[in-house]
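Engineer: Coordinates in data08.cif, mmCIF, C-alpha atoms, are listed below.
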data_work
loop_
_atom_site.label_atom_id
_atom_site.label_comp_id
_atom_site.auth_asym_id
_atom_site.auth_seq_id
_atom_site.Cartn_x
_atom_site.Cartn_y
_atom_site.Cartn_z
CA ASP N 20 -4.11 5.56 15.52
CA ILE N 21 -6.97 3.79 13.77
CA GLN N 22 -6.61 0.02 14.03
CA MET N 23 -7.89 -2.07 11.12
CA THR N 24 -8.88 -5.66 11.88
CA GLN N 25 -9.63 -8.14 9.12
CA SER N 26 -11.38 -11.46 9.43
CA PRO N 27 -10.72 -14.17 8.78
CA SER N 28 -6.91 -14.12 8.70
CA SER N 29 -6.99 -16.99 6.24
CA LEU N 30 -9.65 -18.67 4.20
CA SER N 31 -9.78 -21.80 2.05
CA ALA N 32 -12.21 -21.85 -0.85
CA SER N 33 -12.79 -23.46 -4.23
CA VAL N 34 -13.00 -22.03 -7.72
CA GLY N 35 -16.54 -20.75 -8.23
CA ASP N 36 -17.20 -20.09 -4.54
CA ARG N 37 -18.52 -16.80 -3.20
CA VAL N 38 -16.32 -15.42 -0.46
CA THR N 39 -16.57 -12.45 1.88
CA ILE N 40 -13.78 -10.78 3.83
CA THR N 41 -14.55 -8.28 6.55
CA CYS N 42 -12.61 -5.29 7.82
CA ARG N 43 -13.43 -3.38 10.99
CA ALA N 44 -11.99 -0.01 11.93
CA SER N 45 -11.42 0.94 15.57
CA GLN N 46 -13.44 4.12 15.01
CA THR N 47 -15.71 5.49 12.35
CA ILE N 48 -13.92 6.24 9.08
CA SER N 49 -16.96 7.17 6.94
CA ASN N 50 -16.35 5.40 3.60
CA TYR N 51 -12.62 6.07 3.43
CA LEU N 52 -11.65 2.46 3.01
CA ASN N 53 -9.60 0.88 0.24
CA TRP N 54 -8.98 -2.76 -0.66
CA TYR N 55 -5.81 -4.19 -2.23
CA GLN N 56 -4.90 -7.59 -3.64
CA GLN N 57 -1.38 -8.93 -3.35
CA ARG N 58 -0.31 -12.03 -5.22
CA PRO N 59 2.82 -13.86 -3.98
CA GLY N 60 6.00 -12.01 -4.86
CA LYS N 61 4.12 -9.11 -6.40
CA ALA N 62 3.25 -5.56 -5.40
CA PRO N 63 -0.21 -4.82 -4.03
CA LYS N 64 -2.89 -3.82 -6.53
CA LEU N 65 -5.77 -1.45 -5.85
CA LEU N 66 -9.13 -3.21 -6.21
CA ILE N 67 -11.71 -0.95 -4.57
CA TYR N 68 -11.60 2.59 -3.22
CA ALA N 69 -14.03 4.62 -1.15
CA ALA N 70 -15.46 1.35 0.20
CA SER N 71 -17.41 0.40 -2.91
CA THR N 72 -15.97 1.90 -6.10
CA LEU N 73 -14.27 -0.58 -8.38
CA GLN N 74 -10.89 0.54 -9.71
CA THR N 75 -10.70 0.67 -13.51
CA GLY N 76 -9.94 -2.74 -14.99
CA VAL N 77 -10.91 -4.76 -11.93
CA PRO N 78 -13.38 -7.56 -12.73
CA SER N 79 -16.98 -7.02 -11.66
CA ARG N 80 -16.95 -10.19 -9.54
CA PHE N 81 -15.26 -8.01 -6.91
CA SER N 82 -17.45 -5.74 -4.84
CA GLY N 83 -17.16 -3.74 -1.66
CA SER N 84 -19.62 -2.35 0.81
CA GLY N 85 -19.90 -0.78 4.23
CA SER N 86 -19.33 2.47 6.05
CA GLY N 87 -18.42 3.67 9.51
CA PRO N 88 -16.46 0.98 11.14
CA ASP N 89 -17.55 -2.15 9.22
CA PHE N 90 -16.72 -3.09 5.64
CA THR N 91 -16.80 -6.15 3.40
CA LEU N 92 -15.05 -7.31 0.26
CA THR N 93 -16.95 -9.93 -1.71
CA ILE N 94 -15.76 -12.05 -4.60
CA SER N 95 -18.86 -13.48 -6.26
CA SER N 96 -17.29 -16.42 -8.08
CA LEU N 97 -13.67 -17.21 -7.32
CA GLN N 98 -11.28 -17.57 -10.22
CA PRO N 99 -7.83 -19.22 -10.01
CA GLU N 100 -6.09 -15.84 -10.21
CA ASP N 101 -7.98 -14.57 -7.15
CA PHE N 102 -6.04 -16.72 -4.72
CA ALA N 103 -3.94 -14.06 -3.03
CA THR N 104 -3.77 -11.95 0.11
CA TYR N 105 -6.21 -9.07 0.54
CA TYR N 106 -5.62 -5.95 2.62
CA CYS N 107 -7.92 -3.18 3.70
CA GLN N 108 -6.51 0.30 4.35
CA GLN N 109 -8.06 3.42 5.84
CA SER N 110 -7.42 6.83 4.32
CA TYR N 111 -9.53 8.73 6.88
CA SER N 112 -6.65 10.02 8.96
CA SER N 113 -2.92 9.83 9.53
CA PRO N 114 -1.17 7.57 10.24
CA ILE N 115 -2.16 5.41 7.27
CA THR N 116 -3.02 1.96 8.55
CA PHE N 117 -3.67 -1.39 6.90
CA GLY N 118 -5.45 -4.48 8.07
CA GLN N 119 -3.26 -7.48 8.82
CA GLY N 120 -4.33 -9.21 5.62
CA THR N 121 -6.55 -12.14 4.66
CA ARG N 122 -4.86 -14.99 2.85
CA LEU N 123 -7.21 -16.69 0.40
CA GLU N 124 -6.07 -20.22 -0.41
CA ILE N 125 -7.28 -22.95 -2.72
CA LYS N 126 -9.23 -25.70 -0.98
CA GLU S 28 1.42 4.55 -19.07
CA VAL S 29 2.02 5.32 -15.41
CA GLN S 30 5.01 3.45 -14.02
CA LEU S 31 6.97 3.46 -10.80
CA VAL S 32 10.30 1.69 -11.18
CA GLN S 33 12.32 0.94 -8.08
CA SER S 34 16.02 0.23 -7.66
CA GLY S 35 17.25 -3.32 -7.28
CA VAL S 36 17.94 -5.78 -4.49
CA GLU S 37 20.30 -4.56 -1.77
CA VAL S 38 22.35 -6.82 0.51
CA LYS S 39 23.94 -4.88 3.35
CA LYS S 40 25.58 -5.30 6.72
CA PRO S 41 24.34 -3.79 9.99
CA GLY S 42 25.58 -0.23 10.29
CA ASP S 43 25.74 0.33 6.52
CA SER S 44 24.01 3.27 4.91
CA LEU S 45 21.60 2.87 2.02
CA LYS S 46 19.46 4.92 -0.35
CA ILE S 47 16.84 3.24 -2.53
CA SER S 48 14.94 4.94 -5.32
CA CYS S 49 11.56 5.08 -7.04
CA GLU S 50 11.37 6.69 -10.49
CA GLY S 51 8.00 7.77 -11.81
CA SER S 52 7.03 8.11 -15.45
CA GLY S 53 3.92 8.58 -17.54
CA TYR S 54 2.40 11.27 -15.33
CA SER S 55 3.23 14.59 -13.69
CA PHE S 56 5.51 13.30 -10.93
CA ASN S 57 5.58 16.62 -9.10
CA SER S 58 1.82 16.70 -8.62
CA TYR S 59 1.18 13.42 -6.77
CA PHE S 60 2.25 12.28 -3.33
CA ILE S 61 4.51 9.23 -3.16
CA VAL S 62 4.02 6.83 -0.26
CA TRP S 63 6.60 4.34 1.01
CA VAL S 64 5.35 1.03 2.46
CA ARG S 65 7.33 -1.68 4.26
CA GLN S 66 6.60 -5.39 4.12
CA MET S 67 8.70 -7.51 6.43
CA PRO S 68 9.17 -11.19 5.48
CA GLY S 69 5.85 -13.01 5.67
CA LYS S 70 4.11 -9.98 7.17
CA GLY S 71 1.64 -7.28 6.23
CA LEU S 72 1.91 -3.74 4.89
CA GLU S 73 3.14 -0.83 7.03
CA TRP S 74 3.20 2.85 6.15
CA VAL S 75 6.70 4.33 6.33
CA GLY S 76 6.10 7.88 5.12
CA THR S 77 4.89 10.18 2.39
CA ILE S 78 6.44 12.90 0.26
CA TYR S 79 5.03 15.50 -2.11
CA PRO S 80 7.74 15.86 -4.78
CA GLY S 81 6.51 19.30 -5.81
CA ASP S 82 7.78 20.89 -2.61
CA SER S 83 9.40 17.92 -0.81
CA GLU S 84 6.88 18.18 2.05
CA THR S 85 7.34 14.97 4.01
CA THR S 86 5.35 13.09 6.65
CA HIS S 87 6.78 10.11 8.50
CA SER S 88 4.97 7.38 10.33
CA PRO S 89 5.73 7.75 14.06
CA SER S 90 7.11 4.20 13.92
CA PHE S 91 9.74 5.27 11.40
CA GLN S 92 10.40 8.86 12.47
CA GLY S 93 14.13 9.31 12.95
CA GLN S 94 14.86 5.88 11.46
CA VAL S 95 14.65 6.78 7.76
CA THR S 96 14.86 9.84 5.53
CA ILE S 97 12.46 10.40 2.65
CA SER S 98 13.42 12.78 -0.14
CA ALA S 99 12.74 13.50 -3.79
CA ASP S 100 14.45 15.03 -6.80
CA LYS S 101 11.68 16.38 -8.98
CA SER S 102 14.10 17.19 -11.80
CA ILE S 103 14.52 13.44 -12.40
CA SER S 104 11.08 12.32 -11.15
CA THR S 105 12.58 10.19 -8.41
CA ALA S 106 11.77 9.64 -4.75
CA TYR S 107 14.18 8.13 -2.24
CA LEU S 108 14.15 6.23 1.02
CA GLN S 109 17.38 6.39 2.96
CA TRP S 110 18.97 4.84 6.06
CA SER S 111 22.12 6.10 7.78
CA SER S 112 22.73 2.96 9.80
CA LEU S 113 20.87 -0.21 8.88
CA LYS S 114 19.76 -2.83 11.38
CA ALA S 115 18.88 -6.46 10.77
CA SER S 116 15.28 -5.54 11.59
CA ASP S 117 15.21 -3.29 8.50
CA THR S 118 15.19 -6.44 6.34
CA ALA S 119 12.04 -6.15 4.23
CA VAL S 120 10.61 -5.34 0.84
CA TYR S 121 9.97 -1.63 0.47
CA TYR S 122 7.35 -0.41 -1.99
CA CYS S 123 6.67 3.05 -3.31
CA ALA S 124 3.16 3.90 -4.43
CA ARG S 125 1.40 6.88 -5.99
CA LEU S 126 -1.34 8.51 -3.95
CA LEU S 127 -4.31 9.43 -6.12
CA ARG S 128 -6.77 11.96 -4.70
CA PHE S 129 -10.36 11.56 -5.86
CA GLU S 130 -11.41 14.93 -4.46
CA LYS S 131 -8.89 17.69 -5.09
CA TYR S 132 -9.01 19.24 -1.62
CA SER S 133 -9.89 16.18 0.42
CA VAL S 134 -7.35 14.86 2.90
CA SER S 135 -9.21 11.54 3.15
CA ASP S 136 -10.56 10.68 -0.31
CA TRP S 137 -7.57 8.92 -1.86
CA ALA S 138 -6.00 5.54 -2.59
CA LEU S 139 -2.67 4.09 -3.72
CA ASP S 140 -3.32 3.43 -7.39
CA TYR S 141 0.10 2.56 -8.81
CA TRP S 142 2.87 0.69 -7.04
CA GLY S 143 6.52 0.06 -7.75
CA GLN S 144 7.74 -3.51 -8.06
CA GLY S 145 9.37 -3.37 -4.62
CA THR S 146 12.98 -3.27 -3.44
CA LEU S 147 14.25 -6.10 -1.23
CA VAL S 148 16.63 -4.85 1.43
CA ALA S 149 18.47 -7.66 3.22
CA VAL S 150 20.59 -6.74 6.23
CA SER S 151 22.77 -9.43 7.74
CA SER S 152 26.21 -9.75 9.27
#
As structure tokens - that is how I would like this structure written.

Structural biologist:
Amino acid sequence: DIQMTQSPSSLSASVGDRVTITCRASQTISNYLNWYQQRPGKAPKLLIYAASTLQTGVPSRFSGSGSGPDFTLTISSLQPEDFATYYCQQSYSSPITFGQGTRLEIK
Amino acid sequence: EVQLVQSGVEVKKPGDSLKISCEGSGYSFNSYFIVWVRQMPGKGLEWVGTIYPGDSETTHSPSFQGQVTISADKSISTAYLQWSSLKASDTAVYYCARLLRFEKYSVSDWALDYWGQGTLVAVSS
């Protein structure tokens, strides 16, 4: 199984900050990496697919990059609605695996 | 508008059976895989299994193989997740999600683009 490791596990930041979350796969997964946002009590929402393609309707302050084993999710200027938990997920091979999540909190 | 609507909260006792549902609308339900995902209290996302409603082809996560049954009724655009004997450790929110392929014949180029609202399953004596 491909293990997905996110860092940090939690992060405190302020509105307007630029933040970066990293995700590392235990083996190369090309660019088959998706990012999801989950607000408390809500279902996950697809933000980015194929490592860097923004899902329709997602604000342009979100961006993704990387390939192989190492990926990043960047939020260029945090907005109040961005405080949530973020998960990476590999679609390279079965079984489907997710990172453990990064909780983004208000400082 | 694509929607996945899941059945409501379930409160059960250990040993009970249960079947929860996920009804799709606004798209061709038979033509997209449905994925089930578990989220235990305060924890992350875990893949349970996947079904293709068009032919009911099913793949289970090894962690859930033999523990749950995934099925679908394409005539009513509904997928199901079923337990024959619940345990307290099955307590979680279960989500269904649509798998969208970006390349028609790729087994890797996909993401979960629409999600149900989740079904809370609480198992306690």

Engineer: Expand the PyMOL selection byres ((chain N) within 10 of (chain S)) into the individual residues it matches in the shown file, reporting them as a ChimeraX atom specification.

Structural biologist: /N:48-55,60-69,74-75,104-121

Engineer: State, in Å with one decimal place, the distance from CA of Pro78 in chain N to CA of Arg37 in chain N.

Structural biologist: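 Spanning CA of Pro78 in chain N to CA of Arg37 in chain N is a straight-line distance of 14.2 Å.
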
Engineer: Give the answer as one residue: which of S:Thr105, S:Gln92, S:Ser111, S:Ser44 has the shortest atom-to-atom distance to Ile61 in chain S, using all atoms listed in the file?

Structural biologist: S:Thr105

Engineer: Give the answer as one residue: which of S:Ser151, S:Leu126, S:Arg65, S:Ile47 has the shortest atom-to-atom distance to Leu113 in chain S, using only C-alpha atoms?

Structural biologist: S:Ser151

Engineer: Please compute the CA of Lys114 in chain S-CA of Cys49 in chain S distance, one decimal, in Å.

Structural biologist: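 Here the two named atoms are 21.7 Å from each other.
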
Engineer: Suppose you want the space between CA of Thr85 in chain S and CA of Ala44 in chain N; what is it in Å?

Structural biologist: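 Taking CA of Thr85 in chain S as the start and CA of Ala44 in chain N as the end point, the length is 25.7 Å.
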
Engineer: Looking at S:Gly51, S:Arg128, S:Ser116, S:Gln66, which one is nearest to Lys101 in chain S, with distances taken over all atoms listed in the file?

Structural biologist: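 Nearest candidate to Lys101 in chain S out of S:Gly51, S:Arg128, S:Ser116, S:Gln66: S:Gly51.
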
Engineer: Quick check on the file I pasted: which residues fall under the PyMOL selection byres ((chain N and resi 42) around 7)? Write them as a list in words.

Structural biologist: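 Expected selection for the PyMOL selection byres ((chain N and resi 42) around 7) here is Met23, Thr24, Gln25, Ser26, Ile40, Thr41, Arg43, Ala44, Asp89, Phe90, Thr91 and Cys107 of chain N.
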
Engineer: Apply the PyMOL selection byres ((chain S and resi 150) around 9) to the structure shown and report the selected residues as a PyMOL selection string.

Structural biologist: chain S and resi 37-41+43+113-119+148-149+151-152

Engineer: Got a sec to check which residues sit within 10 Å of (-11.0, -30.1, -5.4), counting all atoms listed in the file, and write them as a ChimeraX atom specification?

Structural biologist: /N:32-34,125-126

Engineer: Could you pull the residues within 9 Å of Ser82 in chain N, counting all atoms listed in the file, minus those fewer than 4 positions along the same chain, as a VMD selection string?

Structural biologist: chain N and resid 66 to 67 70 to 73 91 to 95

Engineer: Measuring between all atoms listed in the file, which one of N:Ala103, N:Pro27, N:Ser86, N:Ile21 shows the shortest distance to Gln46 in chain N?

Structural biologist: N:Ile21

Engineer: Using all atoms listed in the file, collect all residues at a distance of at most 7 Å from (12.2, 11.4, 4.9) as written in the file, then present them as a ChimeraX atom specification.

Structural biologist: /S:85,87,95-98,108

Engineer: Please produce an output containing C-alpha atoms for each residue in the selection, written as a short mmCIF file (atom, residue, chain, number, x, y, z; two decimals), keeping the file's coordinate frame.

Structural biologist:
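Writing the result to out_33.cif gives the following:
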data_model
loop_
_atom_site.label_atom_id
_atom_site.label_comp_id
_atom_site.auth_asym_id
_atom_site.auth_seq_id
_atom_site.Cartn_x
_atom_site.Cartn_y
_atom_site.Cartn_z
CA THR S 85 7.34 14.97 4.01
CA HIS S 87 6.78 10.11 8.50
CA VAL S 95 14.65 6.78 7.76
CA THR S 96 14.86 9.84 5.53
CA ILE S 97 12.46 10.40 2.65
CA SER S 98 13.42 12.78 -0.14
CA LEU S 108 14.15 6.23 1.02
#

Engineer: Return range 55-79 of chain N, completed with N, CA, C and O atoms, as a PDB file, keeping the file's coordinate frame.

Structural biologist:
ATOM      1  N   TYR N  55      -6.901  -3.836  -1.343  1.00  0.00           N
ATOM      2  CA  TYR N  55      -5.810  -4.190  -2.230  1.00  0.00           C
ATOM      3  C   TYR N  55      -5.674  -5.705  -2.289  1.00  0.00           C
ATOM      4  O   TYR N  55      -5.940  -6.408  -1.298  1.00  0.00           O
ATOM      5  N   GLN N  56      -5.208  -6.180  -3.438  1.00  0.00           N
ATOM      6  CA  GLN N  56      -4.900  -7.590  -3.640  1.00  0.00           C
ATOM      7  C   GLN N  56      -3.392  -7.718  -3.825  1.00  0.00           C
ATOM      8  O   GLN N  56      -2.789  -6.930  -4.572  1.00  0.00           O
ATOM      9  N   GLN N  57      -2.794  -8.689  -3.155  1.00  0.00           N
ATOM     10  CA  GLN N  57      -1.380  -8.930  -3.350  1.00  0.00           C
ATOM     11  C   GLN N  57      -1.143 -10.406  -3.657  1.00  0.00           C
ATOM     12  O   GLN N  57      -1.394 -11.269  -2.811  1.00  0.00           O
ATOM     13  N   ARG N  58      -0.686 -10.678  -4.851  1.00  0.00           N
ATOM     14  CA  ARG N  58      -0.310 -12.030  -5.220  1.00  0.00           C
ATOM     15  C   ARG N  58       1.125 -12.286  -4.737  1.00  0.00           C
ATOM     16  O   ARG N  58       1.901 -11.336  -4.579  1.00  0.00           O
ATOM     17  N   PRO N  59       1.485 -13.555  -4.524  1.00  0.00           N
ATOM     18  CA  PRO N  59       2.820 -13.860  -3.980  1.00  0.00           C
ATOM     19  C   PRO N  59       3.941 -13.272  -4.830  1.00  0.00           C
ATOM     20  O   PRO N  59       3.945 -13.419  -6.054  1.00  0.00           O
ATOM     21  N   GLY N  60       4.846 -12.582  -4.184  1.00  0.00           N
ATOM     22  CA  GLY N  60       6.000 -12.010  -4.860  1.00  0.00           C
ATOM     23  C   GLY N  60       5.721 -10.775  -5.678  1.00  0.00           C
ATOM     24  O   GLY N  60       6.611 -10.284  -6.387  1.00  0.00           O
ATOM     25  N   LYS N  61       4.506 -10.267  -5.588  1.00  0.00           N
ATOM     26  CA  LYS N  61       4.120  -9.110  -6.400  1.00  0.00           C
ATOM     27  C   LYS N  61       3.741  -7.920  -5.507  1.00  0.00           C
ATOM     28  O   LYS N  61       3.490  -8.076  -4.311  1.00  0.00           O
ATOM     29  N   ALA N  62       3.685  -6.747  -6.119  1.00  0.00           N
ATOM     30  CA  ALA N  62       3.250  -5.560  -5.400  1.00  0.00           C
ATOM     31  C   ALA N  62       1.737  -5.593  -5.204  1.00  0.00           C
ATOM     32  O   ALA N  62       1.010  -6.231  -5.984  1.00  0.00           O
ATOM     33  N   PRO N  63       1.237  -4.939  -4.179  1.00  0.00           N
ATOM     34  CA  PRO N  63      -0.210  -4.820  -4.030  1.00  0.00           C
ATOM     35  C   PRO N  63      -0.839  -4.108  -5.224  1.00  0.00           C
ATOM     36  O   PRO N  63      -0.182  -3.321  -5.915  1.00  0.00           O
ATOM     37  N   LYS N  64      -2.114  -4.407  -5.426  1.00  0.00           N
ATOM     38  CA  LYS N  64      -2.890  -3.820  -6.530  1.00  0.00           C
ATOM     39  C   LYS N  64      -4.183  -3.284  -5.962  1.00  0.00           C
ATOM     40  O   LYS N  64      -4.872  -3.969  -5.200  1.00  0.00           O
ATOM     41  N   LEU N  65      -4.523  -2.052  -6.323  1.00  0.00           N
ATOM     42  CA  LEU N  65      -5.770  -1.450  -5.850  1.00  0.00           C
ATOM     43  C   LEU N  65      -6.957  -2.115  -6.517  1.00  0.00           C
ATOM     44  O   LEU N  65      -7.030  -2.189  -7.740  1.00  0.00           O
ATOM     45  N   LEU N  66      -7.908  -2.589  -5.695  1.00  0.00           N
ATOM     46  CA  LEU N  66      -9.130  -3.210  -6.210  1.00  0.00           C
ATOM     47  C   LEU N  66     -10.319  -2.267  -6.095  1.00  0.00           C
ATOM     48  O   LEU N  66     -11.080  -2.091  -7.039  1.00  0.00           O
ATOM     49  N   ILE N  67     -10.515  -1.748  -4.898  1.00  0.00           N
ATOM     50  CA  ILE N  67     -11.710  -0.950  -4.570  1.00  0.00           C
ATOM     51  C   ILE N  67     -11.278   0.245  -3.735  1.00  0.00           C
ATOM     52  O   ILE N  67     -10.439   0.106  -2.828  1.00  0.00           O
ATOM     53  N   TYR N  68     -11.850   1.403  -4.035  1.00  0.00           N
ATOM     54  CA  TYR N  68     -11.600   2.590  -3.220  1.00  0.00           C
ATOM     55  C   TYR N  68     -12.924   3.182  -2.757  1.00  0.00           C
ATOM     56  O   TYR N  68     -13.982   2.884  -3.316  1.00  0.00           O
ATOM     57  N   ALA N  69     -12.832   4.010  -1.743  1.00  0.00           N
ATOM     58  CA  ALA N  69     -14.030   4.620  -1.150  1.00  0.00           C
ATOM     59  C   ALA N  69     -15.076   3.562  -0.831  1.00  0.00           C
ATOM     60  O   ALA N  69     -16.274   3.752  -1.088  1.00  0.00           O
ATOM     61  N   ALA N  70     -14.635   2.462  -0.311  1.00  0.00           N
ATOM     62  CA  ALA N  70     -15.460   1.350   0.200  1.00  0.00           C
ATOM     63  C   ALA N  70     -16.134   0.521  -0.868  1.00  0.00           C
ATOM     64  O   ALA N  70     -16.261  -0.696  -0.693  1.00  0.00           O
ATOM     65  N   SER N  71     -16.571   1.156  -1.985  1.00  0.00           N
ATOM     66  CA  SER N  71     -17.410   0.400  -2.910  1.00  0.00           C
ATOM     67  C   SER N  71     -17.160   0.683  -4.381  1.00  0.00           C
ATOM     68  O   SER N  71     -17.853   0.117  -5.231  1.00  0.00           O
ATOM     69  N   THR N  72     -16.226   1.545  -4.710  1.00  0.00           N
ATOM     70  CA  THR N  72     -15.970   1.900  -6.100  1.00  0.00           C
ATOM     71  C   THR N  72     -14.856   1.019  -6.678  1.00  0.00           C
ATOM     72  O   THR N  72     -13.741   0.989  -6.156  1.00  0.00           O
ATOM     73  N   LEU N  73     -15.205   0.333  -7.744  1.00  0.00           N
ATOM     74  CA  LEU N  73     -14.270  -0.580  -8.380  1.00  0.00           C
ATOM     75  C   LEU N  73     -13.212   0.213  -9.156  1.00  0.00           C
ATOM     76  O   LEU N  73     -13.557   1.095  -9.949  1.00  0.00           O
ATOM     77  N   GLN N  74     -11.952  -0.086  -8.927  1.00  0.00           N
ATOM     78  CA  GLN N  74     -10.890   0.540  -9.710  1.00  0.00           C
ATOM     79  C   GLN N  74     -11.020   0.088 -11.159  1.00  0.00           C
ATOM     80  O   GLN N  74     -11.428  -1.045 -11.454  1.00  0.00           O
ATOM     81  N   THR N  75     -10.652   0.977 -12.080  1.00  0.00           N
ATOM     82  CA  THR N  75     -10.700   0.670 -13.510  1.00  0.00           C
ATOM     83  C   THR N  75      -9.944  -0.611 -13.812  1.00  0.00           C
ATOM     84  O   THR N  75      -8.805  -0.811 -13.359  1.00  0.00           O
ATOM     85  N   GLY N  76     -10.593  -1.500 -14.570  1.00  0.00           N
ATOM     86  CA  GLY N  76      -9.940  -2.740 -14.990  1.00  0.00           C
ATOM     87  C   GLY N  76     -10.126  -3.909 -14.049  1.00  0.00           C
ATOM     88  O   GLY N  76      -9.752  -5.038 -14.387  1.00  0.00           O
ATOM     89  N   VAL N  77     -10.696  -3.670 -12.895  1.00  0.00           N
ATOM     90  CA  VAL N  77     -10.910  -4.760 -11.930  1.00  0.00           C
ATOM     91  C   VAL N  77     -12.205  -5.480 -12.296  1.00  0.00           C
ATOM     92  O   VAL N  77     -13.235  -4.842 -12.530  1.00  0.00           O
ATOM     93  N   PRO N  78     -12.179  -6.808 -12.330  1.00  0.00           N
ATOM     94  CA  PRO N  78     -13.380  -7.560 -12.730  1.00  0.00           C
ATOM     95  C   PRO N  78     -14.572  -7.287 -11.813  1.00  0.00           C
ATOM     96  O   PRO N  78     -14.415  -7.075 -10.607  1.00  0.00           O
ATOM     97  N   SER N  79     -15.755  -7.356 -12.405  1.00  0.00           N
ATOM     98  CA  SER N  79     -16.980  -7.020 -11.660  1.00  0.00           C
ATOM     99  C   SER N  79     -17.370  -8.085 -10.638  1.00  0.00           C
ATOM    100  O   SER N  79     -18.297  -7.866  -9.850  1.00  0.00           O
TER     101      SER N  79
END
